[in-house]
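Heads up, entry-v9.cif below (mmCIF, C-alpha atoms):
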data_start
loop_
_atom_site.label_atom_id
_atom_site.label_comp_id
_atom_site.auth_asym_id
_atom_site.auth_seq_id
_atom_site.Cartn_x
_atom_site.Cartn_y
_atom_site.Cartn_z
CA MET A 298 12.66 -23.71 -7.11
CA THR A 299 14.51 -23.02 -10.32
CA GLY A 300 13.88 -19.55 -11.69
CA THR A 301 12.11 -18.12 -8.64
CA HIS A 302 13.75 -15.86 -6.08
CA MET A 303 12.11 -14.32 -3.01
CA ILE A 304 13.39 -11.13 -1.44
CA VAL A 305 12.86 -10.79 2.31
CA LEU A 306 12.10 -7.34 3.72
CA PRO A 307 12.28 -7.19 7.53
CA GLY A 308 10.17 -4.76 9.51
CA GLY A 309 11.27 -2.09 11.94
CA GLY A 310 9.14 0.97 11.26
CA TYR A 311 11.49 2.22 8.51
CA ALA A 312 13.88 2.98 11.41
CA GLU A 313 15.65 -0.39 11.76
CA HIS A 314 15.71 -3.92 10.33
CA ALA A 315 14.29 -6.54 12.70
CA ALA A 316 16.78 -9.41 12.80
CA HIS A 317 14.19 -12.14 13.44
CA GLU A 318 12.37 -11.12 10.24
CA ALA A 319 15.51 -11.41 8.10
CA GLU A 320 17.85 -14.43 7.86
CA PRO A 321 15.53 -16.78 9.79
CA VAL A 322 12.93 -16.20 7.07
CA VAL A 323 15.51 -16.95 4.36
CA ASP A 324 16.33 -20.20 6.19
CA TRP A 325 12.65 -21.16 6.33
CA LEU A 326 12.21 -20.45 2.63
CA GLY A 327 15.27 -22.58 1.91
CA ASP A 328 13.67 -25.41 3.90
CA ILE A 329 10.66 -25.27 1.56
CA ASP A 330 12.91 -25.23 -1.52
CA VAL A 331 12.60 -21.53 -2.34
CA ARG A 332 15.68 -19.44 -3.07
CA ALA A 333 15.72 -16.23 -1.06
CA SER A 334 17.84 -13.38 0.22
CA VAL A 335 17.40 -10.45 2.60
CA PHE A 336 17.32 -6.93 1.20
CA ARG A 337 18.13 -4.26 3.74
CA TYR A 338 16.43 -1.25 2.22
CA PRO A 339 17.44 2.32 3.16
CA LEU A 340 16.34 3.38 6.65
CA ARG A 341 15.14 6.81 7.79
CA ALA A 342 14.83 7.71 4.13
CA ARG A 343 12.06 9.57 2.36
CA HIS A 344 9.87 8.05 -0.30
CA PRO A 345 10.68 7.00 -2.99
CA GLU A 346 14.25 6.12 -1.96
CA PRO A 347 13.40 2.73 -0.36
CA LEU A 348 11.11 1.85 -3.28
CA ASN A 349 13.73 2.76 -5.86
CA ALA A 350 16.36 0.75 -4.00
CA LEU A 351 14.10 -2.32 -3.92
CA ARG A 352 13.27 -1.98 -7.60
CA ALA A 353 16.99 -1.89 -8.33
CA ALA A 354 17.42 -5.08 -6.27
CA ASN A 355 14.65 -6.73 -8.30
CA ARG A 356 16.43 -5.70 -11.48
CA ARG A 357 19.72 -7.21 -10.27
CA ARG A 358 17.99 -10.48 -9.45
CA ARG A 359 16.44 -10.59 -12.93
CA ALA A 360 19.85 -9.94 -14.46
CA ALA A 361 21.24 -12.81 -12.38
CA GLY A 362 18.69 -15.20 -13.88
CA ALA A 363 15.55 -14.98 -11.74
CA GLN A 364 12.48 -15.55 -13.91
CA ARG A 365 10.00 -14.81 -11.12
CA ILE A 366 10.44 -12.41 -8.20
CA GLY A 367 8.44 -12.79 -5.01
CA LEU A 368 8.59 -10.40 -2.06
CA ILE A 369 7.95 -11.27 1.57
CA GLY A 370 7.77 -8.36 4.00
CA PHE A 371 6.81 -7.72 7.59
CA SER A 372 5.31 -4.56 9.09
CA ALA A 373 7.11 -1.64 7.39
CA GLY A 374 8.90 -4.16 5.19
CA GLY A 375 5.45 -5.40 4.22
CA HIS A 376 4.47 -1.89 3.23
CA LEU A 377 7.54 -1.61 1.02
CA ALA A 378 6.87 -5.04 -0.50
CA GLY A 379 3.30 -4.04 -1.29
CA LEU A 380 4.40 -0.71 -2.70
CA ALA A 381 6.87 -2.39 -5.04
CA ALA A 382 4.19 -4.85 -6.14
CA LEU A 383 1.50 -2.23 -6.71
CA ALA A 384 3.00 1.19 -7.47
CA PRO A 385 2.87 2.13 -11.14
CA GLY A 386 5.93 2.86 -13.24
CA ALA A 387 8.05 -0.26 -12.79
CA PRO A 388 9.52 -1.66 -16.04
CA PRO A 389 9.23 -5.43 -16.61
CA ASP A 390 12.65 -6.24 -15.15
CA GLU A 391 11.66 -4.58 -11.85
CA ALA A 392 8.17 -6.08 -11.66
CA VAL A 393 6.96 -8.25 -8.76
CA ASP A 394 5.23 -11.56 -9.53
CA PHE A 395 3.72 -12.20 -6.07
CA ALA A 396 3.93 -10.87 -2.52
CA VAL A 397 3.56 -12.16 1.03
CA LEU A 398 2.78 -9.54 3.70
CA GLY A 399 2.87 -10.13 7.45
CA TYR A 400 1.09 -7.61 9.72
CA ALA A 401 1.94 -4.98 7.15
CA ILE A 402 1.40 -1.26 7.28
CA THR A 403 -0.80 -0.87 4.22
CA SER A 404 -2.35 2.57 4.63
CA MET A 405 -0.63 5.90 5.06
CA GLU A 406 -4.05 7.54 5.34
CA THR A 407 -4.77 6.19 8.82
CA GLU A 408 -3.03 7.53 11.93
CA THR A 409 -1.43 4.15 12.61
CA TYR A 410 1.50 3.42 12.57
CA ARG A 411 2.40 7.13 12.63
CA PRO A 412 6.17 6.95 13.34
CA ALA A 413 6.81 4.99 10.13
CA ARG A 414 4.67 7.39 8.12
CA VAL A 415 6.58 10.41 9.45
CA ILE A 416 9.93 8.82 8.55
CA LEU A 417 8.81 7.86 5.06
CA LEU A 418 6.63 10.84 4.12
CA GLY A 419 7.49 13.62 6.55
CA GLU A 420 5.48 15.33 9.25
CA ASP A 421 3.30 17.34 6.89
CA ALA A 422 2.68 14.91 4.02
CA ASP A 423 -0.21 16.10 1.89
CA PRO A 424 -3.28 13.91 1.29
CA GLU A 425 -2.22 12.99 -2.24
CA LEU A 426 1.18 11.69 -1.11
CA ARG A 427 -0.44 9.72 1.70
CA ARG A 428 -2.93 8.21 -0.71
CA SER A 429 -0.35 7.40 -3.38
CA THR A 430 1.65 5.38 -0.83
CA SER A 431 -1.39 3.53 0.54
CA LEU A 432 -1.56 0.03 -0.88
CA ASP A 433 -5.35 -0.19 -1.03
CA SER A 434 -5.46 2.82 -3.35
CA LEU A 435 -2.94 1.25 -5.77
CA VAL A 436 -4.65 -2.07 -6.47
CA THR A 437 -5.75 -2.68 -10.06
CA PRO A 438 -7.06 -5.81 -11.81
CA GLN A 439 -3.50 -6.28 -13.14
CA SER A 440 -1.93 -6.43 -9.67
CA PRO A 441 0.02 -9.59 -8.76
CA PRO A 442 -1.28 -12.19 -6.26
CA PHE A 443 -1.02 -11.49 -2.54
CA PHE A 444 -0.86 -13.62 0.62
CA VAL A 445 -1.64 -11.43 3.63
CA TRP A 446 -1.74 -12.33 7.31
CA HIS A 447 -2.24 -10.44 10.56
CA THR A 448 -3.47 -10.88 14.13
CA ALA A 449 -6.62 -9.23 15.41
CA GLU A 450 -4.85 -8.23 18.64
CA ASP A 451 -1.95 -6.37 16.99
CA PRO A 452 -1.61 -3.15 19.04
CA TYR A 453 0.85 -1.36 16.75
CA VAL A 454 -0.49 -2.01 13.26
CA PRO A 455 -4.20 -2.79 13.65
CA ALA A 456 -5.74 -5.51 11.51
CA GLU A 457 -7.65 -2.71 9.78
CA HIS A 458 -4.59 -2.37 7.55
CA THR A 459 -5.02 -5.90 6.25
CA TYR A 460 -8.79 -5.51 5.92
CA ARG A 461 -8.37 -2.39 3.79
CA LEU A 462 -5.95 -4.12 1.43
CA ALA A 463 -8.05 -7.28 1.31
CA ALA A 464 -11.15 -5.30 0.35
CA ALA A 465 -9.26 -3.60 -2.48
CA LEU A 466 -7.85 -6.91 -3.74
CA ALA A 467 -11.32 -8.44 -3.71
CA ALA A 468 -12.83 -5.45 -5.51
CA GLY A 469 -10.11 -5.68 -8.16
CA GLN A 470 -10.56 -9.44 -8.49
CA VAL A 471 -6.87 -9.92 -7.72
CA PRO A 472 -5.94 -13.45 -6.58
CA HIS A 473 -5.28 -13.38 -2.86
CA ALA A 474 -5.29 -15.27 0.41
CA VAL A 475 -5.98 -13.46 3.69
CA HIS A 476 -5.61 -14.88 7.20
CA VAL A 477 -6.35 -12.94 10.39
CA PHE A 478 -5.65 -14.90 13.55
CA ALA A 479 -7.51 -14.06 16.75
CA HIS A 480 -4.48 -13.89 19.04
CA GLY A 481 -0.92 -12.69 18.87
CA PRO A 482 1.18 -9.53 19.23
CA HIS A 483 2.92 -7.49 16.56
CA SER A 484 6.26 -8.56 15.10
CA LEU A 485 5.75 -12.33 15.28
CA GLY A 486 8.06 -13.15 12.40
CA LEU A 487 7.87 -16.88 11.73
CA ALA A 488 5.53 -17.12 14.75
CA ARG A 489 7.00 -20.35 16.03
CA ASN A 490 5.46 -21.28 19.40
CA ALA A 491 2.82 -18.57 18.85
CA ASP A 492 -0.28 -20.77 19.15
CA GLU A 493 -2.70 -20.46 16.24
CA ALA A 494 -0.68 -17.87 14.29
CA ALA A 495 2.15 -20.40 13.96
CA ILE A 496 0.22 -22.04 11.12
CA TRP A 497 0.81 -19.08 8.81
CA THR A 498 4.03 -20.58 7.46
CA THR A 499 2.25 -23.83 6.59
CA LEU A 500 -0.48 -21.92 4.78
CA ALA A 501 2.05 -19.72 3.02
CA THR A 502 4.16 -22.69 1.92
CA ALA A 503 1.39 -24.15 -0.22
CA TRP A 504 0.50 -20.71 -1.59
CA ILE A 505 4.10 -19.81 -2.47
CA HIS A 506 4.55 -23.13 -4.26
CA GLU A 507 1.47 -22.33 -6.35
CA GLN A 508 2.98 -18.98 -7.38
CA ALA A 509 6.50 -20.18 -8.00
#
Same coordinates, now as structure tokens:
Amino acid sequence: MTGTHMIVLPGGGYAEHAAHEAEPVVDWLGDIDVRASVFRYPLRARHPEPLNALRAANRRRRAAGAQRIGLIGFSAGGHLAGLAALAPGAPPDEAVDFAVLGYAITSMETETYRPARVILLGEDADPELRRSTSLDSLVTPQSPPFFVWHTAEDPYVPAEHTYRLAAALAAGQVPHAVHVFAHGPHSLGLARNADEAAIWTTLATAWIHEQA
């Protein structure tokens, strides 16, 4: 789609980049006529280093001609995507136009997924820092549209994370689509051959085309 570029943010708990949530997602987006690239954000880095790096990547894409920037992130990559879409302070050339989050860590106020929180915020992060990096606390009526999906059985990042964000999006009257599938583990990626969750890419295709 001319003028739209999606940046793919793989998961990995802020400790690694999951390969199956990187180039395969770019290939899928290409198949649905959406330009995309993987951004490998800094690992084992404290906030706001990953956020600043992603905002700089957004700025480079704008400078290269992208009129609309979409983010698609998984797990910790979903947290970073949501943070870039929602955190205040981004100038127009770093702004996010829409975001797709898969089984994302959305709250740093819960005790799950603790390892990623410790990497990003430190062992003794104060309540204000935890709240200011929790996506549900950052939603405003001006936030961009979101597509969010999860599985109810996810043992690592419970579906509570998606419910918290969805409630905030609804309260802020932010356009959104939310899908929670009954079955499936964490880290499904494109979820091919994953029973009911495999439909998420079909649902997301129509939604992305609406945004782009």
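Nearest residue to Tyr453 (chain A), choosing from A:Gln508, A:Ser372, A:Ser431, A:Ser404 and counting only C-alpha atoms: A:Ser372.
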| Counting all atoms listed in the file, which of A:Met405, A:Leu487, A:Ala463, A:Ala456 gets nearest to Leu380 (chain A)? | A:Met405
Mind telling me what the PyMOL selection byres ((chain A and resi 496-505) around 12) catches here, as a tab-separated table (two decimals) with C-alpha atoms, in the frame of the given file?
chain	number	residue	atom	x	y	z
A	298	MET	CA	12.66	-23.71	-7.11
A	301	THR	CA	12.11	-18.12	-8.64
A	302	HIS	CA	13.75	-15.86	-6.08
A	303	MET	CA	12.11	-14.32	-3.01
A	322	VAL	CA	12.93	-16.20	7.07
A	325	TRP	CA	12.65	-21.16	6.33
A	326	LEU	CA	12.21	-20.45	2.63
A	327	GLY	CA	15.27	-22.58	1.91
A	328	ASP	CA	13.67	-25.41	3.90
A	329	ILE	CA	10.66	-25.27	1.56
A	330	ASP	CA	12.91	-25.23	-1.52
A	331	VAL	CA	12.60	-21.53	-2.34
A	332	ARG	CA	15.68	-19.44	-3.07
A	365	ARG	CA	10.00	-14.81	-11.12
A	366	ILE	CA	10.44	-12.41	-8.20
A	367	GLY	CA	8.44	-12.79	-5.01
A	368	LEU	CA	8.59	-10.40	-2.06
A	369	ILE	CA	7.95	-11.27	1.57
A	394	ASP	CA	5.23	-11.56	-9.53
A	395	PHE	CA	3.72	-12.20	-6.07
A	396	ALA	CA	3.93	-10.87	-2.52
A	397	VAL	CA	3.56	-12.16	1.03
A	398	LEU	CA	2.78	-9.54	3.70
A	399	GLY	CA	2.87	-10.13	7.45
A	400	TYR	CA	1.09	-7.61	9.72
A	442	PRO	CA	-1.28	-12.19	-6.26
A	443	PHE	CA	-1.02	-11.49	-2.54
A	444	PHE	CA	-0.86	-13.62	0.62
A	445	VAL	CA	-1.64	-11.43	3.63
A	446	TRP	CA	-1.74	-12.33	7.31
A	447	HIS	CA	-2.24	-10.44	10.56
A	448	THR	CA	-3.47	-10.88	14.13
A	472	PRO	CA	-5.94	-13.45	-6.58
A	473	HIS	CA	-5.28	-13.38	-2.86
A	474	ALA	CA	-5.29	-15.27	0.41
A	475	VAL	CA	-5.98	-13.46	3.69
A	476	HIS	CA	-5.61	-14.88	7.20
A	477	VAL	CA	-6.35	-12.94	10.39
A	478	PHE	CA	-5.65	-14.90	13.55
A	485	LEU	CA	5.75	-12.33	15.28
A	486	GLY	CA	8.06	-13.15	12.40
A	487	LEU	CA	7.87	-16.88	11.73
A	488	ALA	CA	5.53	-17.12	14.75
A	489	ARG	CA	7.00	-20.35	16.03
A	490	ASN	CA	5.46	-21.28	19.40
A	491	ALA	CA	2.82	-18.57	18.85
A	492	ASP	CA	-0.28	-20.77	19.15
A	493	GLU	CA	-2.70	-20.46	16.24
A	494	ALA	CA	-0.68	-17.87	14.29
A	495	ALA	CA	2.15	-20.40	13.96
A	506	HIS	CA	4.55	-23.13	-4.26
A	507	GLU	CA	1.47	-22.33	-6.35
A	508	GLN	CA	2.98	-18.98	-7.38
A	509	ALA	CA	6.50	-20.18	-8.00
| remark: Here CA of Ile304 (chain A) and CA of His480 (chain A) stand apart by 27.3 Å
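The residue set within 8 Å of Leu377 (chain A), counting only C-alpha atoms and dropping same-chain residues fewer than 3 places from it, reads Leu306, Pro347, Leu348, Gly370, Ala373, Gly374, Leu380 and Ala381 of chain A.
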| When the PyMOL selection byres ((chain A and resi 416) around 10) is applied to the file above, which residues end up in the set, as a ChimeraX atom specification? | /A:310-312,340-344,411-415,417-420
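Separating CA of Thr459 (chain A) from CA of Gln439 (chain A) is a distance of 19.5 Å.
Take the candidates A:His376, A:Leu383, A:Val335, A:Glu391 and check each one against Arg352 (chain A) using only C-alpha atoms; the shortest distance goes to A:Glu391.
Residues selected in this file by the PyMOL selection byres ((chain A and resi 389) around 12) comprise A:Arg352, A:Ala353, A:Asn355, A:Arg356, A:Arg359, A:Ala360, A:Gln364, A:Arg365, A:Ile366, A:Ala382, A:Pro385, A:Gly386, A:Ala387, A:Pro388, A:Asp390, A:Glu391, A:Ala392, A:Val393, A:Asp394.
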Just write the chosen residues, C-alpha atoms, as a compact mmCIF listing (two decimals), in the coordinates of the input.
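As written to disk, result_17.txt reads:
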# COMPACT_ATOMS: atom_id res chain seq x y z
CA ARG A 352 13.27 -1.98 -7.60
CA ALA A 353 16.99 -1.89 -8.33
CA ASN A 355 14.65 -6.73 -8.30
CA ARG A 356 16.43 -5.70 -11.48
CA ARG A 359 16.44 -10.59 -12.93
CA ALA A 360 19.85 -9.94 -14.46
CA GLN A 364 12.48 -15.55 -13.91
CA ARG A 365 10.00 -14.81 -11.12
CA ILE A 366 10.44 -12.41 -8.20
CA ALA A 382 4.19 -4.85 -6.14
CA PRO A 385 2.87 2.13 -11.14
CA GLY A 386 5.93 2.86 -13.24
CA ALA A 387 8.05 -0.26 -12.79
CA PRO A 388 9.52 -1.66 -16.04
CA ASP A 390 12.65 -6.24 -15.15
CA GLU A 391 11.66 -4.58 -11.85
CA ALA A 392 8.17 -6.08 -11.66
CA VAL A 393 6.96 -8.25 -8.76
CA ASP A 394 5.23 -11.56 -9.53
| task | Find the distance between CA of Thr437 (chain A) and CA of Gly469 (chain A) and write it in Å to one decimal. | result | 5.6 Å
| message | For a quick check of understanding, using only C-alpha atoms, which of A:Gln470, A:Phe371, A:Ser440, A:Gly300 has the smallest distance to His314 (chain A)? | response | A:Phe371
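Take the candidates A:Ala315, A:Thr403, A:Ala449, A:Ser334 and check each one against Arg427 (chain A) using only C-alpha atoms; the shortest distance goes to A:Thr403.
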| field | Pick from A:Pro482, A:Ala468, A:Leu462, A:Arg337 nearest to Ala316 (chain A), counting only C-alpha atoms | value | A:Arg337
